[in-house]
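K.L.:
Sharing target.cif here; it has mmCIF, C-alpha atoms.
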data_target
#
loop_
_atom_site.label_atom_id
_atom_site.label_comp_id
_atom_site.auth_asym_id
_atom_site.auth_seq_id
_atom_site.Cartn_x
_atom_site.Cartn_y
_atom_site.Cartn_z
CA MET S 17 17.56 55.55 2.99
CA LEU S 18 19.85 58.31 1.88
CA ILE S 19 18.14 61.68 1.56
CA ARG S 20 19.80 64.06 -0.82
CA PRO S 21 19.10 67.71 -0.05
CA ASN S 22 18.01 69.93 -2.87
CA SER S 23 20.16 72.84 -3.95
CA ARG S 24 18.25 75.34 -1.76
CA GLN S 25 18.75 73.19 1.35
CA THR S 26 22.44 72.84 0.52
CA LEU S 27 22.82 76.62 0.23
CA ILE S 28 21.08 77.21 3.56
CA ALA S 29 23.20 74.59 5.31
CA LEU S 30 26.42 76.05 3.95
CA SER S 31 25.36 79.55 4.94
CA LEU S 32 24.49 78.47 8.48
CA ALA S 33 27.81 76.65 8.81
CA LEU S 34 29.69 79.74 7.64
CA LEU S 35 27.81 82.02 10.04
CA ALA S 36 28.40 79.68 12.95
CA PHE S 37 32.07 79.35 12.06
CA THR S 38 32.61 83.12 11.94
CA GLY S 39 30.59 83.71 15.11
CA TRP S 40 27.95 85.90 13.41
CA LEU S 41 25.00 83.60 14.05
CA VAL S 42 25.68 82.19 17.52
CA PRO S 43 27.92 84.37 19.71
CA SER S 44 30.27 82.66 22.11
CA ALA S 45 29.62 82.69 25.85
CA GLU S 46 32.18 85.49 26.14
CA ALA S 47 30.38 87.54 23.50
CA LEU S 48 27.02 87.06 25.22
CA ALA S 49 28.40 87.97 28.65
CA GLN S 50 28.06 91.62 29.55
CA ASP S 51 28.70 93.97 32.44
CA VAL S 52 25.55 94.66 34.43
CA VAL S 53 24.32 97.38 36.77
CA GLU S 54 22.76 96.49 40.11
CA PRO S 55 21.50 98.46 43.16
CA THR S 56 23.88 99.00 46.06
CA GLU S 57 23.14 97.86 49.61
CA ARG S 58 21.71 101.32 50.33
CA VAL S 59 18.65 100.59 48.20
CA ALA S 60 15.70 99.30 50.23
CA ASN S 61 12.93 99.36 47.62
CA PHE S 62 14.01 100.31 44.09
CA VAL S 63 16.09 102.65 41.96
CA ARG S 64 14.30 104.77 39.39
CA VAL S 65 15.46 104.28 35.82
CA ARG S 66 15.10 107.61 34.01
CA ALA S 67 14.56 108.30 30.33
CA GLN S 68 17.40 110.84 30.39
CA PRO S 69 20.38 111.41 32.74
CA SER S 70 18.49 113.81 35.00
CA SER S 71 16.57 113.43 38.25
CA GLN S 72 13.84 115.52 36.63
CA SER S 73 13.41 113.07 33.75
CA THR S 74 10.52 110.60 33.46
CA THR S 75 10.77 107.27 35.29
CA VAL S 76 10.67 104.46 32.73
CA HIS S 77 11.56 101.44 34.87
CA GLU S 78 12.32 100.35 38.43
CA LEU S 79 15.47 98.40 39.35
CA ARG S 80 15.01 96.47 42.59
CA PRO S 81 17.52 94.77 44.93
CA GLY S 82 18.57 91.42 43.51
CA GLN S 83 17.90 92.58 39.93
CA ASN S 84 20.30 93.93 37.34
CA LEU S 85 20.26 95.48 33.89
CA PRO S 86 22.86 95.29 31.10
CA TYR S 87 25.39 98.12 31.29
CA LEU S 88 25.72 100.25 28.15
CA GLY S 89 28.00 103.06 29.27
CA SER S 90 28.33 106.04 31.59
CA VAL S 91 27.89 109.78 31.53
CA PRO S 92 28.67 112.08 34.48
CA ARG S 93 26.69 110.91 37.54
CA TRP S 94 24.65 108.31 35.61
CA HIS S 95 24.97 104.78 34.20
CA GLU S 96 23.19 103.99 30.94
CA VAL S 97 21.41 100.61 31.02
CA GLU S 98 19.48 98.46 28.58
CA LEU S 99 15.83 97.97 29.44
CA PRO S 100 13.67 94.96 28.63
CA GLY S 101 12.52 95.48 25.07
CA GLY S 102 15.82 96.96 23.92
CA THR S 103 15.41 100.63 24.83
CA SER S 104 17.82 102.38 27.19
CA GLY S 105 17.56 104.37 30.39
CA PHE S 106 19.72 105.95 33.06
CA VAL S 107 20.29 105.15 36.75
CA SER S 108 22.08 107.26 39.34
CA LYS S 109 25.63 106.20 40.17
CA SER S 110 24.86 107.16 43.77
CA TRP S 111 22.52 104.19 44.14
CA THR S 112 23.96 101.60 41.74
CA ARG S 113 27.22 99.93 40.79
CA VAL S 114 28.64 98.23 37.72
CA VAL S 115 29.40 94.54 38.11
CA PRO S 116 31.96 93.66 35.43
CA HIS S 117 31.80 90.30 33.65
CA ALA S 118 35.57 90.23 33.27
CA PRO S 119 37.22 92.80 35.54
CA ALA S 120 40.00 94.75 33.89
CA GLN S 121 43.34 95.17 35.59
CA PRO S 122 42.47 97.74 38.23
CA HIS S 123 44.20 101.08 38.65
CA ASN S 124 44.20 102.16 42.28
CA MET S 125 43.48 105.63 43.59
CA GLY S 126 45.05 106.61 46.90
CA ILE S 127 43.83 109.45 49.13
CA TYR S 128 46.25 110.63 51.83
CA PHE S 129 44.66 112.64 54.64
CA LEU S 130 47.95 113.88 56.05
CA SER S 131 48.21 114.49 59.79
CA VAL S 132 49.35 118.13 59.98
CA GLY S 133 47.78 119.34 63.23
CA SER S 134 45.11 122.02 63.06
CA GLY S 135 44.66 122.34 59.33
CA ALA S 136 44.02 120.25 56.26
CA CYS S 137 46.36 118.67 53.72
CA THR S 138 45.08 115.96 51.39
CA LEU S 139 47.02 114.42 48.51
CA VAL S 140 45.29 112.23 45.93
CA GLU S 141 47.20 109.73 43.80
CA CYS S 142 44.87 109.70 40.80
CA PRO S 143 44.30 106.39 38.98
CA GLY S 144 45.64 105.52 35.54
CA PRO S 145 48.90 105.75 33.59
CA ASP S 146 50.71 109.11 33.94
CA ALA S 147 47.78 110.55 35.93
CA PRO S 148 48.64 113.82 37.72
CA PRO S 149 48.46 113.77 41.51
CA MET S 150 46.13 116.30 43.14
CA PHE S 151 46.30 118.36 46.30
CA VAL S 152 43.09 119.34 48.06
CA ASP S 153 44.36 122.03 50.44
CA CYS S 154 47.61 121.90 52.36
CA GLY S 155 48.16 124.07 55.40
CA SER S 156 48.35 124.15 59.18
CA SER S 157 48.04 126.62 62.04
CA GLY S 158 49.92 124.41 64.50
CA GLY S 159 48.24 122.40 67.24
CA ARG S 160 50.23 119.25 66.48
CA ASN S 161 50.60 116.17 68.64
CA ASP S 162 52.99 113.21 68.38
CA LEU S 163 51.14 111.75 65.36
CA ALA S 164 51.30 115.00 63.37
CA MET S 165 54.06 116.11 61.00
CA ASP S 166 55.69 119.53 61.02
CA LEU S 167 56.21 121.41 57.76
CA ASN S 168 59.55 119.82 56.88
CA GLN S 169 58.36 116.30 57.74
CA ALA S 170 55.29 116.80 55.59
CA ALA S 171 57.45 118.03 52.71
CA VAL S 172 59.54 114.85 52.89
CA ARG S 173 56.45 112.59 52.98
CA ILE S 174 54.85 114.44 50.08
CA ASP S 175 58.05 114.36 48.04
CA GLU S 176 58.18 110.58 48.44
CA ILE S 177 54.66 110.30 47.03
CA LEU S 178 55.14 112.79 44.20
CA SER S 179 58.44 111.25 43.13
CA ALA S 180 56.56 108.17 41.94
CA HIS S 181 54.73 110.29 39.34
CA THR S 182 55.92 112.05 36.20
CA ALA S 183 52.94 114.36 35.62
CA PRO S 184 52.94 117.66 37.53
CA PRO S 185 50.38 117.83 40.32
CA ASN S 186 47.20 119.89 40.26
CA VAL S 187 46.13 121.95 43.27
CA VAL S 188 42.69 122.70 44.68
CA ILE S 189 42.50 125.26 47.50
CA THR S 190 39.02 125.31 48.90
CA HIS S 191 39.14 128.83 50.38
CA GLY S 192 41.37 131.58 51.71
CA HIS S 193 42.14 130.40 55.24
CA ALA S 194 45.87 129.93 55.82
CA ASP S 195 45.42 126.55 57.52
CA HIS S 196 44.29 125.25 54.13
CA PHE S 197 47.06 126.67 51.91
CA ASN S 198 50.05 128.10 53.78
CA TRP S 199 52.23 124.98 53.37
CA LEU S 200 51.94 124.76 49.58
CA PRO S 201 54.96 126.96 48.67
CA ARG S 202 57.17 124.74 50.81
CA VAL S 203 55.88 121.28 49.94
CA LEU S 204 55.80 122.17 46.22
CA GLU S 205 59.02 124.13 46.14
CA GLY S 206 60.83 123.59 42.85
CA ARG S 207 57.94 121.62 41.33
CA THR S 208 55.86 122.43 38.29
CA VAL S 209 52.12 122.72 38.92
CA GLY S 210 49.55 122.01 36.22
CA HIS S 211 46.38 123.76 37.42
CA ILE S 212 45.42 125.72 40.53
CA TRP S 213 41.74 125.99 41.48
CA ARG S 214 40.71 128.13 44.43
CA GLY S 215 37.51 129.34 46.03
CA GLY S 216 36.86 132.74 47.54
CA PRO S 217 38.34 136.12 46.58
CA ALA S 218 42.00 136.35 45.57
CA SER S 219 42.60 138.95 48.30
CA SER S 220 41.90 136.36 51.01
CA TYR S 221 45.07 134.46 49.98
CA ASP S 222 47.46 137.38 50.41
CA LYS S 223 49.10 136.07 53.57
CA SER S 224 52.65 135.32 54.65
CA VAL S 225 53.79 131.71 54.56
CA PRO S 226 57.11 130.01 55.42
CA THR S 227 59.33 128.86 52.59
CA PHE S 228 61.97 126.13 52.49
CA SER S 229 64.69 128.52 53.69
CA GLY S 230 62.64 129.58 56.69
CA THR S 231 62.27 133.17 55.49
CA GLN S 232 58.89 134.80 54.94
CA ASP S 233 57.31 134.95 51.53
CA ARG S 234 53.85 135.81 50.36
CA PHE S 235 51.47 133.26 48.95
CA LYS S 236 50.54 135.75 46.26
CA THR S 237 54.15 135.72 45.08
CA TRP S 238 54.13 131.94 44.79
CA VAL S 239 50.93 131.98 42.73
CA GLU S 240 52.37 134.68 40.46
CA GLN S 241 55.50 132.59 40.00
CA LYS S 242 53.42 129.54 39.05
CA ASP S 243 51.46 131.72 36.61
CA GLN S 244 54.69 132.83 34.94
CA GLU S 245 55.75 129.19 34.66
CA GLY S 246 52.56 128.33 32.77
CA THR S 247 50.30 127.03 35.57
CA MET S 248 46.63 127.55 34.73
CA LEU S 249 44.82 129.50 37.47
CA HIS S 250 41.06 129.06 37.95
CA ASP S 251 39.33 131.45 40.36
CA GLY S 252 36.99 134.43 40.46
CA PHE S 253 33.89 132.24 40.17
CA ALA S 254 30.41 133.72 40.31
CA ALA S 255 28.44 133.18 43.51
CA GLY S 256 27.10 129.62 43.64
CA TRP S 257 29.00 128.52 40.52
CA HIS S 258 28.98 124.76 40.10
CA LYS S 259 29.76 122.00 37.65
CA ASP S 260 28.31 119.00 39.41
CA GLY S 261 26.76 117.44 36.33
CA GLU S 262 29.71 117.87 33.98
CA ALA S 263 33.20 116.57 34.71
CA LEU S 264 35.98 119.18 34.63
CA GLY S 265 38.14 117.01 32.38
CA ASP S 266 41.59 118.35 31.51
CA GLU S 267 40.93 121.54 33.47
CA LEU S 268 41.31 119.46 36.64
CA SER S 269 42.43 116.03 35.58
CA CYS S 270 42.52 113.11 37.99
CA GLY S 271 43.38 110.39 35.50
CA LEU S 272 40.65 107.77 35.17
CA ALA S 273 38.62 109.51 37.90
CA SER S 274 36.31 112.46 37.23
CA THR S 275 36.25 115.75 39.15
CA TYR S 276 33.28 118.03 39.81
CA VAL S 277 32.63 121.32 41.61
CA LEU S 278 29.50 121.02 43.74
CA ASN S 279 29.44 124.66 44.80
CA VAL S 280 31.72 127.66 45.30
CA ASN S 281 31.51 131.28 46.48
CA THR S 282 28.19 131.01 48.29
CA GLY S 283 27.62 133.12 51.40
CA THR S 284 29.37 136.11 52.91
CA ASN S 285 32.52 134.78 54.60
CA ASP S 286 35.59 132.84 53.53
CA SER S 287 34.37 129.53 55.02
CA SER S 288 31.01 129.59 53.25
CA LYS S 289 32.72 130.45 49.95
CA SER S 290 34.61 127.12 50.01
CA LEU S 291 35.04 125.31 46.71
CA MET S 292 33.35 121.95 47.34
CA LEU S 293 35.11 119.28 45.26
CA MET S 294 33.86 115.81 44.38
CA ILE S 295 35.96 113.00 42.86
CA GLU S 296 34.21 110.04 41.27
CA TYR S 297 36.02 106.83 40.29
CA GLY S 298 33.87 103.92 39.23
CA ASP S 299 31.46 103.27 42.09
CA PHE S 300 33.59 105.26 44.54
CA THR S 301 32.90 108.90 45.39
CA ALA S 302 34.72 111.28 47.73
CA ILE S 303 33.71 114.83 48.67
CA PHE S 304 36.06 117.53 49.99
CA PRO S 305 33.93 120.48 51.15
CA GLY S 306 36.60 122.69 52.75
CA ASP S 307 35.08 124.78 55.53
CA ALA S 308 31.58 124.67 54.02
CA GLN S 309 28.75 125.98 56.18
CA ALA S 310 24.99 125.49 55.96
CA THR S 311 24.60 128.00 53.11
CA SER S 312 27.20 126.28 50.94
CA GLN S 313 26.09 122.76 51.91
CA ASP S 314 22.46 123.62 51.12
CA SER S 315 23.50 125.07 47.77
CA ALA S 316 25.46 121.92 46.90
CA ILE S 317 22.45 119.78 47.80
CA SER S 318 20.19 121.88 45.60
CA ASN S 319 22.65 121.86 42.70
CA ALA S 320 23.06 118.08 42.81
CA ASN S 321 19.34 117.20 42.87
CA GLY S 322 19.78 114.31 45.26
CA GLN S 323 22.96 112.87 43.72
CA LEU S 324 25.41 113.29 46.61
CA LYS S 325 25.72 109.80 48.12
CA VAL S 326 29.43 109.36 48.93
CA SER S 327 31.84 106.63 49.95
CA VAL S 328 34.30 108.87 51.81
CA LEU S 329 33.53 112.33 53.16
CA SER S 330 36.06 114.82 54.45
CA ALA S 331 34.11 116.51 57.24
CA SER S 332 33.22 120.14 56.62
CA HIS S 333 35.24 122.71 58.59
CA HIS S 334 37.26 120.05 60.47
CA GLY S 335 34.07 118.77 62.11
CA ALA S 336 32.78 122.16 63.31
CA GLU S 337 29.12 122.78 64.07
CA SER S 338 29.24 126.57 63.65
CA ALA S 339 26.96 128.16 61.05
CA GLY S 340 25.43 124.77 60.29
CA SER S 341 28.56 122.91 59.21
CA ASN S 342 27.99 119.12 59.24
CA ASN S 343 24.30 119.51 59.99
CA ALA S 344 21.76 116.69 59.78
CA ALA S 345 20.52 117.70 56.31
CA TRP S 346 24.06 117.45 54.92
CA ALA S 347 24.69 114.11 56.65
CA ASN S 348 21.39 112.67 55.46
CA GLU S 349 22.04 113.80 51.89
CA THR S 350 25.60 112.49 51.61
CA THR S 351 25.10 109.31 53.73
CA PRO S 352 28.86 108.65 53.90
CA ALA S 353 30.25 105.19 54.54
CA VAL S 354 33.45 106.76 55.97
CA VAL S 355 34.08 110.23 57.47
CA VAL S 356 37.56 111.68 58.00
CA TYR S 357 38.20 114.66 60.31
CA SER S 358 41.37 116.70 59.69
CA VAL S 359 41.96 118.08 63.18
CA GLY S 360 44.60 119.19 65.67
CA LYS S 361 44.78 120.51 69.22
CA GLN S 362 43.24 123.90 68.42
CA HIS S 363 39.61 125.03 68.14
CA GLY S 364 38.04 121.97 69.79
CA HIS S 365 37.35 120.04 66.58
CA PRO S 366 35.43 117.90 65.94
CA ARG S 367 32.33 118.94 67.88
CA CYS S 368 30.31 116.10 69.35
CA SER S 369 27.02 117.20 67.77
CA ALA S 370 28.63 117.29 64.32
CA VAL S 371 30.15 113.83 64.81
CA GLU S 372 26.81 112.40 65.91
CA SER S 373 25.04 113.67 62.80
CA TYR S 374 26.83 111.02 60.72
CA HIS S 375 26.40 108.07 63.06
CA GLY S 376 23.33 106.65 61.37
CA HIS S 377 25.17 106.24 58.07
CA LEU S 378 28.72 105.05 58.81
CA LYS S 379 29.88 101.47 58.32
CA GLN S 380 30.84 99.20 61.19
CA VAL S 381 34.58 98.63 61.73
CA PRO S 382 36.81 97.34 64.57
CA ALA S 383 37.20 99.63 67.58
CA HIS S 384 39.72 102.46 67.26
CA PRO S 385 40.44 105.64 69.26
CA VAL S 386 38.47 108.84 68.56
CA HIS S 387 37.35 111.92 70.48
CA CYS S 388 34.97 114.84 70.23
CA ASN S 389 34.61 118.18 71.97
CA ASP S 390 31.73 120.21 73.36
CA THR S 391 33.84 123.38 73.62
CA LYS S 392 36.79 124.94 71.83
CA HIS S 393 39.17 123.80 74.58
CA PHE S 394 41.16 120.74 73.54
CA GLU S 395 41.85 119.72 77.14
CA GLN S 396 38.11 119.21 77.63
CA ARG S 397 37.84 116.70 74.80
CA GLN S 398 36.02 113.42 75.35
CA PRO S 399 38.36 110.56 74.35
CA SER S 400 36.64 107.31 73.48
CA SER S 401 36.70 104.48 70.99
CA SER S 402 34.41 103.90 68.05
CA THR S 403 33.27 100.93 66.00
CA LEU S 404 32.04 103.24 63.23
CA ALA S 405 34.10 104.29 60.20
CA GLU S 406 35.02 107.73 61.61
CA TYR S 407 38.69 108.65 61.75
CA LEU S 408 40.62 111.66 63.08
CA THR S 409 44.08 112.69 61.96
CA ASP S 410 45.12 113.65 65.51
CA THR S 411 44.18 110.28 67.04
CA ASN S 412 44.72 108.01 64.02
CA GLY S 413 47.57 109.87 62.28
CA THR S 414 47.81 110.07 58.51
CA ILE S 415 44.84 108.18 57.04
CA VAL S 416 45.13 106.52 53.64
CA VAL S 417 42.14 105.35 51.60
CA THR S 418 42.84 103.12 48.61
CA THR S 419 40.26 102.11 46.00
CA ASN S 420 40.13 100.52 42.55
CA GLY S 421 36.72 102.07 41.95
CA SER S 422 34.74 99.16 43.38
CA SER S 423 33.63 98.20 46.88
CA PRO S 424 35.28 97.53 49.26
CA LEU S 425 37.82 100.30 49.87
CA GLN S 426 40.95 99.80 51.96
CA LEU S 427 41.79 102.11 54.88
CA THR S 428 45.04 102.30 56.81
CA CYS S 429 46.47 104.83 59.24
CA ASP S 430 49.60 105.55 61.24
CA SER S 431 48.28 104.64 64.69
CA GLY S 432 47.62 101.05 63.65
CA ALA S 433 44.80 100.43 66.14
CA GLY S 434 41.70 99.49 64.16
CA CYS S 435 43.23 101.06 61.09
CA ASP S 436 43.87 98.35 58.53
CA GLU S 437 40.41 97.65 57.26
CA SER S 438 38.48 96.59 54.19
CA ILE S 439 35.26 98.62 54.24
CA ALA S 440 32.31 97.81 51.99
CA TYR S 441 30.24 100.77 50.88
#
What would you get if you wrote out this structure as structure tokens?

P.N.:
Amino acid sequence: MLIRPNSRQTLIALSLALLAFTGWLVPSAEALAQDVVEPTERVANFVRVRAQPSSQSTTVHELRPGQNLPYLGSVPRWHEVELPGGTSGFVSKSWTRVVPHAPAQPHNMGIYFLSVGSGACTLVECPGPDAPPMFVDCGSSGGRNDLAMDLNQAAVRIDEILSAHTAPPNVVITHGHADHFNWLPRVLEGRTVGHIWRGGPASSYDKSVPTFSGTQDRFKTWVEQKDQEGTMLHDGFAAGWHKDGEALGDELSCGLASTYVLNVNTGTNDSSKSLMLMIEYGDFTAIFPGDAQATSQDSAISNANGQLKVSVLSASHHGAESAGSNNAAWANETTPAVVVYSVGKQHGHPRCSAVESYHGHLKQVPAHPVHCNDTKHFEQRQPSSSTLAEYLTDTNGTIVVTTNGSSPLQLTCDSGAGCDESIAY
């Protein structure tokens, strides 16, 4: 028997067909699929979902291992997620990660911990098209071994990296110790600089440094020259100034990554006044604390309200233990997957007690050479090997960390031994 629909049925059928055809009524599988947020391996019990992006905000949900929530977006330090029932909440990026439904073409970020002897020189290739590279310190007081570069060798290596980029680099100088800045006039000779950020008083930077020609020049002169060329200088911060909950944006651009100041100008000496920089890219976080001591580390912990879990940590003060650098509270707060020590043959860095403070947090990797010292005398160092993700520029050479913003990261180094690893974090 043929059933003829009435006019109302016909209208409904046509409407449903039209909606289905246009995709308004029944979304495709691709439309239904969505990025989700899940806890990282660090989470044992649950992650608190907050009503607002603040650790002081009310807990509205708990996200447990093996569970996920739809990803809505991100703000500095927090992911916004959709809760059952349709409302939204916020989870800390330190304890969660975004799992994309359809991963976009990744943009890599590369961090070069250059082997320069007793000093620190880090160059970051920021992710994204036309992203400016970034220096975090660059200086040395000597103390080089066979794996370390001298000033001219470093300039050549750095020029090779910078030549692949069109945007002028930005510079962060953590504090006014020459082994963190005295190579900059040489390695950046003839180059435009976008922004210079520096911790500590301007007077602490007024020291002589070698130039390309080998003559003596003053760092102050180089900064004044950059200022005349249009470089933006950021310094003179109030004691304890920080911007750990708000990305610096164009004032210190790192392409698709975000930059934050955890703390600066705390304490009474140049080391404690270090500008403590954090770079966040997707689920990856790196912290560069300069020569931070207990006062500055404690201030950064307080400012961040428990949001300092990091993938890669540059050890404070080259791995010193003096004045509370690299103490247990700092190690337990940052819980790094990887620690890098920028060290040379001077000062007896890193100290064994400082190295041991991180051992409960580091990831397992193949054995590679390391050492630590109980005194300031390099010849009394204790060479050994480690199966933890701890690396030294004097035993492993230049160390390069590469990430697309998701676990795992890739780590390579000049020495080769145990230094070509994929490390989950």

K.L.:
What does the PyMOL selection byres ((chain S and resi 158) around 6) select in this file, as a list in words?

P.N.:
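Evaluating the PyMOL selection byres ((chain S and resi 158) around 6) on these coordinates yields Gly133, Ser134, Ser156, Ser157, Gly159 and Arg160 of chain S.
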
K.L.:
Got a sec to resolve the PyMOL selection byres ((chain S and resi 360) around 10) on this structure and send the residues as a ChimeraX atom specification?

P.N.:
/S:131-136,156-161,163-164,334,357-359,361-366,394,408-411

K.L.:
Using the file's own x, y and z axes, so that the box edges lie along x, y and z, what centre and edge lengths in Å (one decimal) does a box around every listed atom of stretch 321-335 of chain S get when 5 Å is added on each side? Give it as JSON.

P.N.:
{"center_x": 28.3, "center_y": 114.7, "center_z": 52.5, "size_x": 27.9, "size_y": 26.1, "size_z": 29.2}

K.L.:
Find, counting all atoms listed in the file, the residue in S:Glu296, S:Asp175, S:Asp286, S:Asp390 that gets nearest to S:Leu272.

P.N.:
S:Glu296

K.L.:
Name every residue that the PyMOL selection byres ((chain S and resi 332) around 9) selects in this structure, writing the answer as a VMD selection string with chains first and numbers rising.

P.N.:
chain S and resid 304 to 309 313 329 to 331 333 to 337 341 to 342 357

K.L.:
List as a compact mmCIF listing (two decimals) with C-alpha atoms, keeping the file's coordinate frame the protein and nucleic acid residues near stretch 418-434 of chain S, meaning an atom at most 10 Å away when all atoms listed in the file are counted, but skip any in the same chain fewer than 6 places from it.

P.N.:
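Once everything was written out, this is around_18.txt:
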# COMPACT_ATOMS: atom_id res chain seq x y z
CA THR S 56 23.88 99.00 46.06
CA ARG S 113 27.22 99.93 40.79
CA VAL S 114 28.64 98.23 37.72
CA VAL S 115 29.40 94.54 38.11
CA GLN S 121 43.34 95.17 35.59
CA PRO S 122 42.47 97.74 38.23
CA HIS S 123 44.20 101.08 38.65
CA ASN S 124 44.20 102.16 42.28
CA MET S 125 43.48 105.63 43.59
CA GLY S 126 45.05 106.61 46.90
CA ILE S 127 43.83 109.45 49.13
CA TYR S 128 46.25 110.63 51.83
CA PHE S 129 44.66 112.64 54.64
CA LEU S 130 47.95 113.88 56.05
CA SER S 131 48.21 114.49 59.79
CA VAL S 140 45.29 112.23 45.93
CA GLU S 141 47.20 109.73 43.80
CA PRO S 143 44.30 106.39 38.98
CA LEU S 163 51.14 111.75 65.36
CA ALA S 164 51.30 115.00 63.37
CA LEU S 272 40.65 107.77 35.17
CA ALA S 273 38.62 109.51 37.90
CA GLU S 296 34.21 110.04 41.27
CA TYR S 297 36.02 106.83 40.29
CA GLY S 298 33.87 103.92 39.23
CA ASP S 299 31.46 103.27 42.09
CA PHE S 300 33.59 105.26 44.54
CA THR S 301 32.90 108.90 45.39
CA SER S 327 31.84 106.63 49.95
CA VAL S 328 34.30 108.87 51.81
CA VAL S 354 33.45 106.76 55.97
CA VAL S 381 34.58 98.63 61.73
CA PRO S 382 36.81 97.34 64.57
CA ALA S 383 37.20 99.63 67.58
CA HIS S 384 39.72 102.46 67.26
CA PRO S 385 40.44 105.64 69.26
CA SER S 401 36.70 104.48 70.99
CA SER S 402 34.41 103.90 68.05
CA THR S 403 33.27 100.93 66.00
CA ALA S 405 34.10 104.29 60.20
CA TYR S 407 38.69 108.65 61.75
CA LEU S 408 40.62 111.66 63.08
CA THR S 409 44.08 112.69 61.96
CA ASP S 410 45.12 113.65 65.51
CA THR S 411 44.18 110.28 67.04
CA ASN S 412 44.72 108.01 64.02
CA ALA S 440 32.31 97.81 51.99
CA TYR S 441 30.24 100.77 50.88

K.L.:
Please identify all polymer residues within 10 Å of S:Arg58, counting all atoms listed in the file, omitting same-chain residues fewer than 6 positions from it, and present them as a list of chain:residue names.

P.N.:
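The neighbour list is S:Pro81, S:Ser110, S:Trp111, S:Thr112, S:Lys325, S:Thr351, S:His377, S:Tyr441.
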
K.L.:
Between S:Val188, S:Leu264, S:Ala180, S:Val53, which one has atoms that come closest to S:Pro86, using all atoms listed in the file?

P.N.:
S:Val53

K.L.:
Grab the atom CA of S:Asn389 to atom CA of S:Arg367 distance for me, in Å with one decimal place.

P.N.:
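Separation of atom CA of S:Asn389 and atom CA of S:Arg367: 4.7 Å.
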
K.L.:
Record the distance separating atom CA of S:Trp346 and atom CA of S:Phe197, expressed in Å with one decimal.

P.N.:
25.0 Å

K.L.:
Looking at all atoms listed in the file, which of S:Val91, S:Val59, S:Met165, S:Leu268 is the one that sits closest to S:Pro149?

P.N.:
S:Leu268

K.L.:
Which residues are near stretch 103-109 of chain S? Cut-off 9 Å, all atoms listed in the file, ignore same chain within fewer than 3 positions. Put them as a PyMOL selection string.

P.N.:
chain S and resi 53+63-71+75-77+79+88+90+92-100+112-114+298-299+323+325

K.L.:
Counting all atoms listed in the file, what is within 8 Å of S:Phe253, bar same-chain residues fewer than 6 positions away, as a PDB file with C-alpha atoms, keeping the file's coordinate frame?

P.N.:
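The result, stored in part.pdb:
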ATOM      1  CA  GLY S 215      37.510 129.340  46.030  1.00  0.00           C
ATOM      2  CA  GLY S 216      36.860 132.740  47.540  1.00  0.00           C
ATOM      3  CA  VAL S 280      31.720 127.660  45.300  1.00  0.00           C
ATOM      4  CA  ASN S 281      31.510 131.280  46.480  1.00  0.00           C
TER       5      ASN S 281
END

K.L.:
Which residue is closest to S:His193? Choose from S:Ser369, S:Asn168, S:Ser290, S:Thr350 and count only C-alpha atoms.

P.N.:
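Using only C-alpha atoms, S:His193 sits closest to S:Ser290.
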
K.L.:
As an exercise, work out the distance from atom CA of S:Gly246 to atom CA of S:Asp222 in Å and give it to one decimal place.

P.N.:
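We find that atom CA of S:Gly246 and atom CA of S:Asp222 lie 20.5 Å from each other.
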
K.L.:
Pick from S:Trp199, S:Tyr221, S:Trp213, S:Phe62: nearest to S:Thr237, with all atoms listed in the file counted?

P.N.:
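Under the stated criterion, the closest residue is S:Tyr221.
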
K.L.:
Between S:Lys236, S:His117, S:Lys223, S:His191, which one has atoms that come closest to S:Gly252, using all atoms listed in the file?

P.N.:
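Among the listed residues, the smallest separation from S:Gly252 belongs to S:His191.
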